[in-house]
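Okay, structure16.cif is below, mmCIF, C-alpha atoms:
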```
data_model
loop_
_atom_site.label_atom_id
_atom_site.label_comp_id
_atom_site.auth_asym_id
_atom_site.auth_seq_id
_atom_site.Cartn_x
_atom_site.Cartn_y
_atom_site.Cartn_z
CA ASP A 1 19.50 -9.82 -0.60
CA GLY A 2 17.36 -7.83 1.83
CA GLY A 3 13.64 -7.83 1.34
CA ILE A 4 10.23 -9.18 2.21
CA THR A 5 9.01 -12.61 1.20
CA GLN A 6 5.46 -13.88 1.20
CA SER A 7 4.24 -17.40 0.71
CA PRO A 8 2.47 -18.98 -0.92
CA LYS A 9 2.05 -16.95 -4.08
CA TYR A 10 -1.37 -18.46 -4.76
CA LEU A 11 -3.64 -20.14 -2.24
CA PHE A 12 -6.94 -21.89 -2.67
CA ARG A 13 -9.20 -22.54 0.29
CA LYS A 14 -12.44 -24.30 0.81
CA GLU A 15 -15.16 -22.51 2.71
CA GLY A 16 -14.91 -23.11 6.44
CA GLN A 17 -11.15 -23.60 6.47
CA ASN A 18 -8.60 -21.44 8.23
CA VAL A 19 -5.44 -20.60 6.27
CA THR A 20 -2.20 -18.89 7.27
CA LEU A 21 -0.25 -16.54 5.01
CA SER A 22 3.46 -16.18 5.68
CA CYS A 23 5.41 -12.91 5.73
CA GLU A 24 9.13 -12.71 6.50
CA GLN A 25 11.50 -9.73 6.31
CA ASN A 26 15.26 -9.43 6.77
CA LEU A 27 15.38 -5.63 6.63
CA ASN A 28 15.54 -5.31 10.42
CA HIS A 29 12.36 -3.23 10.35
CA ASP A 30 10.37 -2.77 13.54
CA ALA A 31 6.96 -2.15 11.96
CA MET A 32 5.04 -4.66 9.82
CA TYR A 33 1.64 -4.42 8.16
CA TRP A 34 -0.96 -6.58 6.44
CA TYR A 35 -3.16 -5.12 3.70
CA ARG A 36 -5.97 -6.46 1.60
CA GLN A 37 -6.48 -5.27 -1.98
CA ASP A 38 -9.65 -5.87 -3.97
CA PRO A 39 -10.06 -5.03 -7.68
CA GLY A 40 -10.50 -1.30 -8.27
CA GLN A 41 -9.74 -0.43 -4.67
CA GLY A 42 -6.77 0.83 -2.78
CA LEU A 43 -5.08 -0.95 0.11
CA ARG A 44 -7.04 -1.58 3.27
CA LEU A 45 -5.19 -2.20 6.51
CA ILE A 46 -5.97 -5.44 8.33
CA TYR A 47 -3.42 -5.46 11.16
CA TYR A 48 -0.14 -3.79 11.97
CA SER A 49 2.64 -4.34 14.48
CA GLN A 50 5.14 -1.78 15.74
CA ILE A 51 7.13 -4.13 17.92
CA VAL A 52 7.51 -7.81 18.77
CA ASN A 53 4.63 -9.29 20.79
CA ASP A 54 2.39 -6.32 20.07
CA PHE A 55 -0.07 -5.65 17.24
CA GLN A 56 -3.06 -3.42 16.53
CA LYS A 57 -6.24 -3.86 14.51
CA GLY A 58 -6.61 -1.95 11.30
CA ASP A 59 -9.80 -0.98 9.51
CA ILE A 60 -10.90 -4.49 8.51
CA ALA A 61 -9.56 -6.86 11.19
CA GLU A 62 -12.73 -8.93 11.61
CA GLY A 63 -12.18 -12.52 10.55
CA TYR A 64 -8.38 -12.24 10.64
CA SER A 65 -5.73 -12.89 13.28
CA VAL A 66 -1.98 -12.27 13.51
CA SER A 67 1.01 -12.95 15.73
CA ARG A 68 4.39 -11.27 16.10
CA GLU A 69 6.63 -13.63 18.04
CA LYS A 70 9.75 -12.66 16.11
CA LYS A 71 10.84 -9.36 14.60
CA GLU A 72 11.27 -10.99 11.19
CA SER A 73 7.91 -12.72 10.97
CA PHE A 74 4.28 -11.53 10.90
CA PRO A 75 1.94 -14.34 9.78
CA LEU A 76 -1.72 -13.66 8.97
CA THR A 77 -4.46 -16.22 9.56
CA VAL A 78 -7.64 -15.90 7.55
CA THR A 79 -10.33 -17.60 9.61
CA SER A 80 -13.64 -19.10 8.57
CA ALA A 81 -15.29 -16.05 10.14
CA GLN A 82 -14.07 -13.88 7.26
CA LYS A 83 -17.10 -13.78 4.97
CA ASN A 84 -15.44 -12.75 1.74
CA PRO A 85 -11.76 -13.65 1.91
CA THR A 86 -11.00 -13.86 -1.82
CA ALA A 87 -8.50 -11.04 -2.40
CA PHE A 88 -4.88 -10.09 -2.92
CA TYR A 89 -2.97 -9.85 0.38
CA LEU A 90 0.11 -7.68 0.76
CA CYS A 91 2.57 -7.59 3.63
CA ALA A 92 4.77 -4.54 4.23
CA SER A 93 7.39 -3.32 6.66
CA SER A 94 8.97 0.01 7.58
CA THR A 95 11.63 1.40 9.84
CA GLU A 96 9.17 3.78 11.49
CA ASP A 97 5.43 4.01 11.48
CA PHE A 98 4.02 5.41 8.24
CA ASN A 99 7.35 6.20 6.68
CA GLU A 100 8.23 4.51 3.42
CA GLN A 101 6.81 1.00 3.47
CA PHE A 102 8.43 -1.87 1.59
CA PHE A 103 6.11 -4.51 0.18
CA GLY A 104 6.30 -8.23 -0.36
CA PRO A 105 5.15 -9.81 -3.66
CA GLY A 106 1.70 -10.66 -2.30
CA THR A 107 -0.48 -13.75 -1.91
CA ARG A 108 -3.60 -14.21 -3.99
CA LEU A 109 -6.20 -16.11 -1.96
CA THR A 110 -9.20 -17.71 -3.64
CA VAL A 111 -12.03 -19.37 -1.77
CA LEU A 112 -13.63 -22.20 -3.70
CA GLU B 1 -13.17 10.72 8.60
CA ASP B 2 -9.75 10.71 6.97
CA LYS B 3 -9.81 10.13 3.22
CA VAL B 4 -7.60 10.20 0.16
CA VAL B 5 -9.12 10.63 -3.30
CA GLN B 6 -7.27 10.00 -6.53
CA SER B 7 -8.29 11.10 -10.00
CA PRO B 8 -8.76 10.05 -12.64
CA LEU B 9 -9.45 6.41 -11.79
CA SER B 10 -8.12 5.37 -15.18
CA LEU B 11 -6.29 7.04 -18.01
CA VAL B 12 -5.23 5.91 -21.48
CA VAL B 13 -2.63 7.93 -23.40
CA HIS B 14 -0.14 7.37 -26.20
CA GLU B 15 3.57 6.92 -25.79
CA GLY B 16 5.34 10.26 -25.57
CA ASP B 17 2.41 12.08 -23.96
CA THR B 18 2.66 13.85 -20.61
CA VAL B 19 0.26 12.82 -17.86
CA THR B 20 -0.77 14.37 -14.57
CA LEU B 21 -2.24 12.27 -11.78
CA ASN B 22 -4.05 13.88 -8.88
CA CYS B 23 -4.32 13.06 -5.20
CA SER B 24 -6.41 15.12 -2.78
CA TYR B 25 -6.66 14.39 0.91
CA GLU B 26 -8.44 15.20 4.12
CA VAL B 27 -6.31 13.74 6.88
CA THR B 28 -6.10 14.88 10.47
CA ASN B 29 -2.67 16.07 11.52
CA PHE B 30 -0.94 15.47 8.19
CA ARG B 31 2.58 14.10 8.30
CA SER B 32 3.55 12.86 4.82
CA LEU B 33 2.24 11.94 1.37
CA LEU B 34 3.67 9.00 -0.53
CA TRP B 35 3.40 7.89 -4.16
CA TYR B 36 3.78 4.25 -5.21
CA LYS B 37 3.76 2.44 -8.55
CA GLN B 38 2.09 -0.97 -8.71
CA GLU B 39 2.58 -3.17 -11.73
CA LYS B 40 1.57 -6.79 -11.38
CA LYS B 41 2.44 -7.38 -7.77
CA ALA B 42 3.99 -5.33 -4.99
CA PRO B 43 3.79 -1.52 -4.93
CA THR B 44 7.18 0.12 -5.32
CA PHE B 45 8.00 3.42 -3.67
CA LEU B 46 8.36 6.54 -5.83
CA PHE B 47 8.30 9.67 -3.64
CA MET B 48 7.59 10.90 -0.15
CA LEU B 49 6.57 14.54 0.34
CA THR B 50 6.48 16.30 3.67
CA SER B 51 6.33 19.84 4.97
CA SER B 52 10.08 20.07 4.51
CA GLY B 53 10.07 18.58 1.02
CA ILE B 54 7.18 19.64 -1.16
CA GLU B 55 8.71 18.92 -4.55
CA LYS B 56 10.52 15.82 -5.75
CA LYS B 57 11.90 14.80 -9.14
CA SER B 58 13.38 11.61 -10.49
CA GLY B 59 14.03 11.35 -14.19
CA ARG B 60 10.75 11.76 -16.06
CA LEU B 61 8.69 11.66 -12.86
CA SER B 62 8.04 14.61 -10.60
CA SER B 63 5.65 15.40 -7.81
CA ILE B 64 4.56 18.43 -5.84
CA LEU B 65 2.61 18.85 -2.63
CA ASP B 66 0.26 21.75 -1.96
CA LYS B 67 -0.37 21.71 1.79
CA LYS B 68 -2.64 24.72 1.63
CA GLU B 69 -5.03 23.22 -0.93
CA LEU B 70 -4.47 19.66 0.34
CA PHE B 71 -3.44 17.91 -2.85
CA SER B 72 -0.51 16.46 -4.69
CA ILE B 73 0.15 15.80 -8.36
CA LEU B 74 2.39 13.24 -10.01
CA ASN B 75 3.69 14.20 -13.44
CA ILE B 76 5.15 11.80 -15.96
CA THR B 77 6.69 13.29 -19.08
CA ALA B 78 7.58 11.49 -22.34
CA THR B 79 5.61 8.44 -21.23
CA GLN B 80 6.74 4.93 -22.18
CA THR B 81 4.84 1.64 -22.25
CA GLY B 82 6.76 0.63 -19.13
CA ASP B 83 4.98 3.40 -17.24
CA SER B 84 1.73 1.44 -17.51
CA ALA B 85 0.73 0.62 -13.94
CA ILE B 86 -1.55 1.56 -11.08
CA TYR B 87 -0.28 4.64 -9.25
CA LEU B 88 -1.19 4.75 -5.58
CA CYS B 89 -1.21 7.74 -3.26
CA ALA B 90 -1.06 7.34 0.53
CA VAL B 91 -1.08 9.86 3.37
CA GLY B 92 0.33 9.45 6.85
CA SER B 93 -1.02 11.19 9.92
CA ARG B 94 0.72 12.10 13.14
CA SER B 95 -2.44 10.97 14.98
CA ASN B 96 -2.04 7.25 14.33
CA TYR B 97 0.33 4.78 12.77
CA GLN B 98 -1.45 4.07 9.54
CA LEU B 99 -1.24 5.17 5.93
CA ILE B 100 -4.56 6.18 4.36
CA TRP B 101 -4.62 4.91 0.78
CA GLY B 102 -6.37 6.23 -2.30
CA ALA B 103 -8.03 3.83 -4.77
CA GLY B 104 -5.29 4.36 -7.32
CA THR B 105 -5.11 5.59 -10.92
CA LYS B 106 -4.76 2.91 -13.59
CA LEU B 107 -2.52 4.32 -16.32
CA ILE B 108 -2.28 2.63 -19.71
CA ILE B 109 0.31 3.80 -22.24
CA LYS B 110 -0.41 2.76 -25.82
CA PRO B 111 2.53 2.35 -28.24
#
```

File written out as structure tokens:
Amino acid sequence: DGGITQSPKYLFRKEGQNVTLSCEQNLNHDAMYWYRQDPGQGLRLIYYSQIVNDFQKGDIAEGYSVSREKKESFPLTVTSAQKNPTAFYLCASSTEDFNEQFFGPGTRLTVL
Amino acid sequence: EDKVVQSPLSLVVHEGDTVTLNCSYEVTNFRSLLWYKQEKKAPTFLFMLTSSGIEKKSGRLSSILDKKELFSILNITATQTGDSAIYLCAVGSRSNYQLIWGAGTKLIIKP
């Protein structure tokens, strides 16, 4: 089945630790995105990538890093520099920029 | 600054009622407006409206786009408990490669 997978579903982190969230898609989409969602708020863009080996900062990129070494994969690292990382993280992909985006099931990150 | 505003932020109705959700926007060089439904996890796509398609309908759901007044509405008729969700509106611009998201409307349908 085609789709987007994210892992893990839930992640707990101690303060000061870096963690990496996985996002994989087999839809053959060129563009991939990472969003953060906090309670009562919409989606805020962290990073996006239009093509392999290229990515752009979104509105809230500070404290995060990404890579795009393969078309199918777009992992997100939450670094210790991110002051308030507890949130729900969503990965998405699309065939073209800002056309219909398909979402993964999300990862809920909690900092202890 | 580009922005998308949804109203109301939350809404509680009874099964069988009709609801109208609103999305207004101020986005430079508008390209498209998208509606998504989010239940517990990932948002799922409902409609995309553009200059060439300002009205969409699927079953009990319908949406229109008013490019002159810069808003869209999402209508749900004969609501069911399964319609309970957060409804998200997003707007794409030709100026960059991002979607600008509203905060969402939380819809609760009581039996």

Problem set entry | Test item: the PyMOL selection byres ((chain A) within 12 of (chain B)) resolved as a ChimeraX atom specification | /A:3-6,9,31-50,55-59,88-94,96-108

Problem set entry | Point-to-point distance in Å for CA of Ser65 in chain A and CA of Leu112 in chain A |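 Distance between the two atoms: 20.9 Å.
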
For this session: Apply the PyMOL selection byres ((chain B and resi 28) around 8) to the displayed file and report the matching residues as JSON, numbers by chain.
Result: {"B": [2, 26, 27, 29, 30, 93, 94, 95]}

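Take the PyMOL selection byres ((chain B and resi 57) around 12) and apply it to this file: it picks Leu46, Phe47, Met48, Leu49, Gly53, Ile54, Glu55, Lys56, Ser58, Gly59, Arg60, Leu61, Ser62, Ser63, Ile64, Ile73, Leu74, Asn75, Ile76 and Thr77 of chain B.
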
Problem set entry | Pairwise distance for CA of Gln17 in chain A and CA of Ser80 in chain A, rounded to one decimal in Å |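 Answer for the CA of Gln17 in chain A to CA of Ser80 in chain A separation: 5.6 Å.
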
Exercise. Separation of CA of Val19 in chain A and CA of Gln38 in chain B, in Å?
Worked result: 25.8 Å

Exercise. For Ser84 in chain B, which residue out of B:Leu70, B:Leu11, B:Leu65, B:Cys23 is the nearest one, using only C-alpha atoms?
Worked result: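 Looking at the shortest contact to Ser84 in chain B, the residue is B:Leu11.
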
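Residue nearest Thr20 in chain B within the list B:Glu1, B:Pro8, B:Ser52, B:Thr81: B:Pro8 [criterion: smallest interatomic distance, all atoms listed in the file].
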